[in-house]
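Asker: I have a structure here, written as structure tokens, and I will follow up with some questions on it.
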Amino acid sequence: MRKLTGMLVAAALALGAGVASASAQTLYSTDFTNPATLGAGVAEVTTTGGGLIENVGGGIAGFYTGDVFRNATGGAPVGAPGNLSTWALSGLGVHDHLSVSFTAAFLDSWDSTDGAPTPDYLNIYLDGIQVLQLTSAAASGSVTVLGGGTEVAFGDLFDSAGGYYSHDRIVDMSTASSLTFAHTGSSFVLGISASGAGWQGGDDESWGIDNLSITASQSGGGGVPEPASWALMILGFGGAGAALRHRRRAAIAAA
Ligand SMILES: [Ca+2]
Ligand SMILES: [Ca+2]
């Protein structure tokens, strides 16, 4: 099964590689220090979900520096994704795909999926569809899933808000294939949340982002998967099975 999933991802990567990027236009870009850059006619609304702008000083040059967005909200009750942060764009012009890029920070003592208390997840949503579920082994556990992102630093990088473990993992998500996707609508919402039965939040574990950018392109050739397709490919058969079960339940409910 792993082999087939790998083939699906490889096929999707090949499709993504064929997308022309010459016409990419910035819709929204922020380093959380300077005023955000907005594309012509584009409006943006951030819903913090308990997150704050925080300064991490020198950080990691070019990746997680100065002012950043950090969300240390715990689940309420534990494990509930009560910390959803969203960046909603409207007024988008003609386009046929979007790309989302940011630096993700897994801060303090993440317990991964096989440590304790566990699991801890970081979830990425495109228009409400979850395309990535990431985890990081820092304090306990051994599983780290970067979801196509590229790790650029790991270690005691920040003592954010007095965190007692400071095993921070910084991941460049610009290399995550699933964050380039087919899209034509005039609005778009990026959502990020933490979840999991072991999600503690606070000084135990939190997440952050920096250098968020959302760009639009008109390739004309299509070939980029929609978020729903990415969700099935990236989450693998477990995710696909859950989606099918959900669809089946929805169909039964509608009957
Ligand atoms: Ca910054
Ligand atoms: Ca935990």
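For the structure tokens, the naming scheme is as follows: chains receive sequential letters (A, B, ...) according to their order of presentation, residues are indexed from 1 within each chain, and ligands are indexed from 1 in presentation order.
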Which chains and residue numbers are within 6 Å of ligand 2, counting only C-alpha atoms and all ligand atoms, if I want them as a VMD selection string?
Answerer: chain A and resid 110 to 111 117 to 118 120 198 to 200
Asker: Using 10 Å as the limit and counting only C-alpha atoms and all ligand atoms, can you tabulate each residue of chain A that touches ligand 1, with its shortest atom-to-atom distance in Å and the two atoms involved, as JSON lines?
Answerer:
```
{"residue": "A:Thr30", "atom": "CA", "partner": "ligand 1", "partner_atom_place_in_ligand_line": "1 (Ca)", "distance": 7.8}
{"residue": "A:Asp31", "atom": "CA", "partner": "ligand 1", "partner_atom_place_in_ligand_line": "1 (Ca)", "distance": 4.2}
{"residue": "A:Phe32", "atom": "CA", "partner": "ligand 1", "partner_atom_place_in_ligand_line": "1 (Ca)", "distance": 5.1}
{"residue": "A:Thr33", "atom": "CA", "partner": "ligand 1", "partner_atom_place_in_ligand_line": "1 (Ca)", "distance": 5.8}
{"residue": "A:Asn34", "atom": "CA", "partner": "ligand 1", "partner_atom_place_in_ligand_line": "1 (Ca)", "distance": 8.6}
{"residue": "A:Ile53", "atom": "CA", "partner": "ligand 1", "partner_atom_place_in_ligand_line": "1 (Ca)", "distance": 9.3}
{"residue": "A:Glu54", "atom": "CA", "partner": "ligand 1", "partner_atom_place_in_ligand_line": "1 (Ca)", "distance": 9.1}
{"residue": "A:Asn55", "atom": "CA", "partner": "ligand 1", "partner_atom_place_in_ligand_line": "1 (Ca)", "distance": 7.9}
{"residue": "A:Val56", "atom": "CA", "partner": "ligand 1", "partner_atom_place_in_ligand_line": "1 (Ca)", "distance": 8.3}
{"residue": "A:Gly57", "atom": "CA", "partner": "ligand 1", "partner_atom_place_in_ligand_line": "1 (Ca)", "distance": 9.0}
{"residue": "A:Gly58", "atom": "CA", "partner": "ligand 1", "partner_atom_place_in_ligand_line": "1 (Ca)", "distance": 9.4}
{"residue": "A:Gly59", "atom": "CA", "partner": "ligand 1", "partner_atom_place_in_ligand_line": "1 (Ca)", "distance": 8.7}
{"residue": "A:Ile60", "atom": "CA", "partner": "ligand 1", "partner_atom_place_in_ligand_line": "1 (Ca)", "distance": 9.8}
{"residue": "A:Ala61", "atom": "CA", "partner": "ligand 1", "partner_atom_place_in_ligand_line": "1 (Ca)", "distance": 9.7}
{"residue": "A:Gly62", "atom": "CA", "partner": "ligand 1", "partner_atom_place_in_ligand_line": "1 (Ca)", "distance": 8.3}
{"residue": "A:Phe63", "atom": "CA", "partner": "ligand 1", "partner_atom_place_in_ligand_line": "1 (Ca)", "distance": 7.7}
{"residue": "A:Tyr64", "atom": "CA", "partner": "ligand 1", "partner_atom_place_in_ligand_line": "1 (Ca)", "distance": 5.8}
{"residue": "A:Thr65", "atom": "CA", "partner": "ligand 1", "partner_atom_place_in_ligand_line": "1 (Ca)", "distance": 4.4}
{"residue": "A:Gly66", "atom": "CA", "partner": "ligand 1", "partner_atom_place_in_ligand_line": "1 (Ca)", "distance": 4.6}
{"residue": "A:Asp67", "atom": "CA", "partner": "ligand 1", "partner_atom_place_in_ligand_line": "1 (Ca)", "distance": 4.3}
{"residue": "A:Val68", "atom": "CA", "partner": "ligand 1", "partner_atom_place_in_ligand_line": "1 (Ca)", "distance": 4.6}
{"residue": "A:Phe69", "atom": "CA", "partner": "ligand 1", "partner_atom_place_in_ligand_line": "1 (Ca)", "distance": 8.0}
{"residue": "A:Thr103", "atom": "CA", "partner": "ligand 1", "partner_atom_place_in_ligand_line": "1 (Ca)", "distance": 9.5}
{"residue": "A:Ile209", "atom": "CA", "partner": "ligand 1", "partner_atom_place_in_ligand_line": "1 (Ca)", "distance": 8.4}
{"residue": "A:Asp210", "atom": "CA", "partner": "ligand 1", "partner_atom_place_in_ligand_line": "1 (Ca)", "distance": 5.2}
{"residue": "A:Asn211", "atom": "CA", "partner": "ligand 1", "partner_atom_place_in_ligand_line": "1 (Ca)", "distance": 6.0}
{"residue": "A:Leu212", "atom": "CA", "partner": "ligand 1", "partner_atom_place_in_ligand_line": "1 (Ca)", "distance": 9.1}
```
Asker: Selected residues, N, CA and C atoms, written as a tab-separated table (two decimals), in the first residue's frame, please.
Answerer:
```
chain	number	residue	atom	x	y	z
A	30	THR	N	3.32	38.29	3.75
A	30	THR	CA	3.64	38.99	4.99
A	30	THR	C	4.81	38.33	5.70
A	31	ASP	N	5.64	39.20	6.33
A	31	ASP	CA	6.69	38.69	7.22
A	31	ASP	C	6.31	38.97	8.68
A	32	PHE	N	5.07	39.44	8.88
A	32	PHE	CA	4.48	39.74	10.19
A	32	PHE	C	5.13	40.93	10.88
A	33	THR	N	6.11	41.55	10.24
A	33	THR	CA	6.72	42.77	10.80
A	33	THR	C	6.22	43.97	10.03
A	34	ASN	N	6.39	43.93	8.72
A	34	ASN	CA	5.96	45.03	7.86
A	34	ASN	C	4.50	44.82	7.44
A	53	ILE	N	1.06	37.73	17.48
A	53	ILE	CA	2.33	38.10	16.86
A	53	ILE	C	3.37	38.19	17.97
A	54	GLU	N	4.48	37.50	17.76
A	54	GLU	CA	5.52	37.42	18.79
A	54	GLU	C	6.86	37.68	18.12
A	55	ASN	N	7.80	38.26	18.87
A	55	ASN	CA	9.11	38.53	18.29
A	55	ASN	C	10.12	37.49	18.75
A	56	VAL	N	10.79	36.87	17.79
A	56	VAL	CA	11.79	35.84	18.11
A	56	VAL	C	13.21	36.33	17.79
A	57	GLY	N	13.33	37.65	17.67
A	57	GLY	CA	14.66	38.21	17.46
A	57	GLY	C	15.30	37.75	16.16
A	58	GLY	N	16.56	37.40	16.23
A	58	GLY	CA	17.30	37.02	15.03
A	58	GLY	C	16.79	35.75	14.39
A	59	GLY	N	16.23	34.85	15.20
A	59	GLY	CA	15.67	33.62	14.65
A	59	GLY	C	16.63	32.89	13.75
A	60	ILE	N	16.08	32.32	12.71
A	60	ILE	CA	16.89	31.63	11.70
A	60	ILE	C	16.82	32.48	10.44
A	61	ALA	N	17.96	32.97	10.02
A	61	ALA	CA	18.01	33.93	8.93
A	61	ALA	C	17.16	33.50	7.74
A	62	GLY	N	16.22	34.33	7.40
A	62	GLY	CA	15.41	34.10	6.22
A	62	GLY	C	14.26	33.14	6.41
A	63	PHE	N	14.15	32.50	7.55
A	63	PHE	CA	13.10	31.51	7.71
A	63	PHE	C	12.12	31.84	8.85
A	64	TYR	N	12.57	32.13	10.01
A	64	TYR	CA	11.66	32.36	11.14
A	64	TYR	C	12.31	33.44	11.99
A	65	THR	N	12.03	34.69	11.62
A	65	THR	CA	12.80	35.81	12.17
A	65	THR	C	11.90	36.96	12.58
A	66	GLY	N	12.39	37.75	13.50
A	66	GLY	CA	11.69	38.96	13.92
A	66	GLY	C	10.29	38.64	14.40
A	67	ASP	N	9.30	39.38	13.91
A	67	ASP	CA	7.91	39.10	14.28
A	67	ASP	C	7.43	37.87	13.53
A	68	VAL	N	6.76	37.01	14.25
A	68	VAL	CA	6.21	35.78	13.68
A	68	VAL	C	4.80	35.59	14.24
A	69	PHE	N	4.04	34.68	13.65
A	69	PHE	CA	2.73	34.32	14.19
A	69	PHE	C	2.91	33.04	14.99
A	103	THR	N	6.91	29.37	6.32
A	103	THR	CA	7.79	28.64	7.21
A	103	THR	C	6.95	28.14	8.39
A	209	ILE	N	4.11	30.33	12.33
A	209	ILE	CA	4.45	30.46	10.92
A	209	ILE	C	5.12	31.81	10.70
A	210	ASP	N	5.87	31.91	9.63
A	210	ASP	CA	6.47	33.17	9.20
A	210	ASP	C	6.54	33.16	7.68
A	211	ASN	N	6.74	34.35	7.12
A	211	ASN	CA	6.92	34.51	5.68
A	211	ASN	C	5.83	33.78	4.89
A	212	LEU	N	4.59	34.13	5.23
A	212	LEU	CA	3.44	33.54	4.53
A	212	LEU	C	3.22	34.25	3.20
```
Asker: Between A:Gly196, A:His167, A:Ser186, A:Gly93, which is the closest to Ala116 of chain A once you count only C-alpha atoms?
Answerer: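 For Ala116 of chain A, the nearest of the candidates is A:Gly196.
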Asker: Report as a list in words: the residues of segment 116-157 of chain A with a DSSP assignment of strand (DSSP E), based on the backbone of this structure.
Answerer: Tyr121, Leu122, Asn123, Ile124, Tyr125, Leu126, Ile129, Gln130, Val131, Leu132, Gln133, Leu134, Thr150, Glu151, Val152, Ala153, Phe154, Gly155 and Asp156 of chain A
Asker: Grab the residues selected above and save them as a compact mmCIF listing (two decimals), in the first residue's frame with C-alpha atoms.
Answerer:
```txt
# COMPACT_ATOMS: atom_id res chain seq x y z
CA TYR A 121 -0.78 17.15 14.97
CA LEU A 122 -0.46 20.29 12.89
CA ASN A 123 -3.21 20.41 10.26
CA ILE A 124 -3.24 22.45 7.04
CA TYR A 125 -6.57 23.25 5.33
CA LEU A 126 -7.19 24.72 1.87
CA ILE A 129 -10.19 20.72 3.08
CA GLN A 130 -7.37 19.17 5.07
CA VAL A 131 -4.43 18.39 2.79
CA LEU A 132 -1.68 17.85 5.36
CA GLN A 133 -1.38 16.44 8.86
CA LEU A 134 2.13 17.02 10.21
CA THR A 150 12.02 20.82 4.04
CA GLU A 151 13.52 20.96 7.54
CA VAL A 152 15.87 23.91 7.83
CA ALA A 153 16.69 23.82 11.55
CA PHE A 154 16.16 21.69 14.64
CA GLY A 155 17.41 22.32 18.16
CA ASP A 156 17.13 24.70 21.07
```
Asker: Have a look at A:Ser101, A:Ile170, A:Thr180, A:Phe158 and name the one nearest to Leu146 of chain A; count only C-alpha atoms.
Answerer: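 Distance minimum relative to Leu146 of chain A lands on A:Ile170.
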Asker: Which is closest to Asp203 of chain A among A:Gly185, A:Gly74, A:Gly128, A:Gly220, if we use only C-alpha atoms?
Answerer: A:Gly74
